[in-house]
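A.B. asks: I have a structure I would like to understand better, so I am pasting it below and will then ask my questions one at a time.
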Amino acid sequence: MLTLTQTAAEAVKEIVARVPLAEDGGVRIRDAGGSSGFELSVAPDPQPHDTIVVTDGARVFLDETAAVALEDRVLDAELQDDGAVRFALAAQG
């Protein structure tokens with residue numbers, strides 16, 4: 001299952017806190033298919049078939065295809081001084 005670094009968990013919580021109607025929600029990762037990669041969005045709730053990953057209170061919702069594709073990955077993040085966030089995926093282990 002996808003794991004989050006501490007930095008990624010903090011970034012997810014910070015991003016979700018910026019969206020008033022999603023303060024108890026999470027970041028949803030959807031497989032956009034093909035060469036498009038993954039789409040990230042803030043969601044107030046997971047979709048019915050989403051896998052939910054929780055790390056230190058940060059919630060990430062993975063659609064079915066993303067959950068399979070990312071099952072052996074680690075999500076990391078880099079926080080910029082201007083509030084921007086850059087996410088990266090790496091192999092576990």
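Note on naming: chains are A, B, ... as they come in the structure tokens, residues start from 1 per chain, ligands start from 1 in the order shown.
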Could you pull out the residues in region 43-75 of chain A that DSSP calls alpha helix (DSSP H) from the backbone, as a PDB file with N, CA and C atoms, in the first residue's frame?
C.D. replies:
ATOM      1  N   GLU A  64      -9.278   3.134  -7.659  1.00  0.00           N
ATOM      2  CA  GLU A  64      -8.897   1.717  -7.755  1.00  0.00           C
ATOM      3  C   GLU A  64      -7.633   1.496  -8.578  1.00  0.00           C
ATOM      4  N   THR A  65      -7.501   2.171  -9.694  1.00  0.00           N
ATOM      5  CA  THR A  65      -6.337   1.991 -10.560  1.00  0.00           C
ATOM      6  C   THR A  65      -5.082   2.574  -9.910  1.00  0.00           C
ATOM      7  N   ALA A  66      -5.206   3.726  -9.293  1.00  0.00           N
ATOM      8  CA  ALA A  66      -4.058   4.341  -8.618  1.00  0.00           C
ATOM      9  C   ALA A  66      -3.608   3.491  -7.437  1.00  0.00           C
ATOM     10  N   ALA A  67      -4.543   2.900  -6.713  1.00  0.00           N
ATOM     11  CA  ALA A  67      -4.185   2.065  -5.562  1.00  0.00           C
ATOM     12  C   ALA A  67      -3.311   0.893  -5.988  1.00  0.00           C
ATOM     13  N   VAL A  68      -3.632   0.292  -7.134  1.00  0.00           N
ATOM     14  CA  VAL A  68      -2.834  -0.828  -7.640  1.00  0.00           C
ATOM     15  C   VAL A  68      -1.472  -0.326  -8.127  1.00  0.00           C
ATOM     16  N   ALA A  69      -1.471   0.752  -8.891  1.00  0.00           N
ATOM     17  CA  ALA A  69      -0.235   1.277  -9.463  1.00  0.00           C
ATOM     18  C   ALA A  69       0.738   1.787  -8.395  1.00  0.00           C
TER      19      ALA A  69
END
A.B. asks: Can you pull out every residue within 9 Å of Thr55 (chain A), counting only C-alpha atoms, but drop anything in the same chain fewer than 3 positions away, and send it as number ranges by chain?
C.D. replies: A: 3-6, 9, 58-60
A.B. asks: Env of Asp50 (chain A): 7 Å cut, atoms = only C-alpha atoms, seq-sep filter 6 positions within chain, self excluded. Answer as number ranges by chain.
C.D. replies: A: 61-64
A.B. asks: Which residue out of A:Leu40, A:Val54, A:Ile29, A:Ile15 has the minimum interatomic distance to Leu70 (chain A) when only C-alpha atoms are used?
C.D. replies: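 Counting only C-alpha atoms, the residue closest to Leu70 (chain A) is A:Ile29.
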A.B. asks: For each of A:Glu39, A:His49, A:Asp31, A:Val12, take the minimum atom-to-atom distance to Val85 (chain A), counting only C-alpha atoms, then give the residue where this is smallest.
C.D. replies: A:Val12
A.B. asks: If you run DSSP over the backbone, which residues in chain A end up strand (DSSP E)? Put them as number ranges by chain.
C.D. replies: A: 3-4, 26-31, 38-43, 51-55, 58-62, 73-79, 85-91
A.B. asks: Please indicate the distance in Å from CA of Phe38 (chain A) to CA of Arg73 (chain A), rounded to one decimal place.
C.D. replies: 13.3 Å
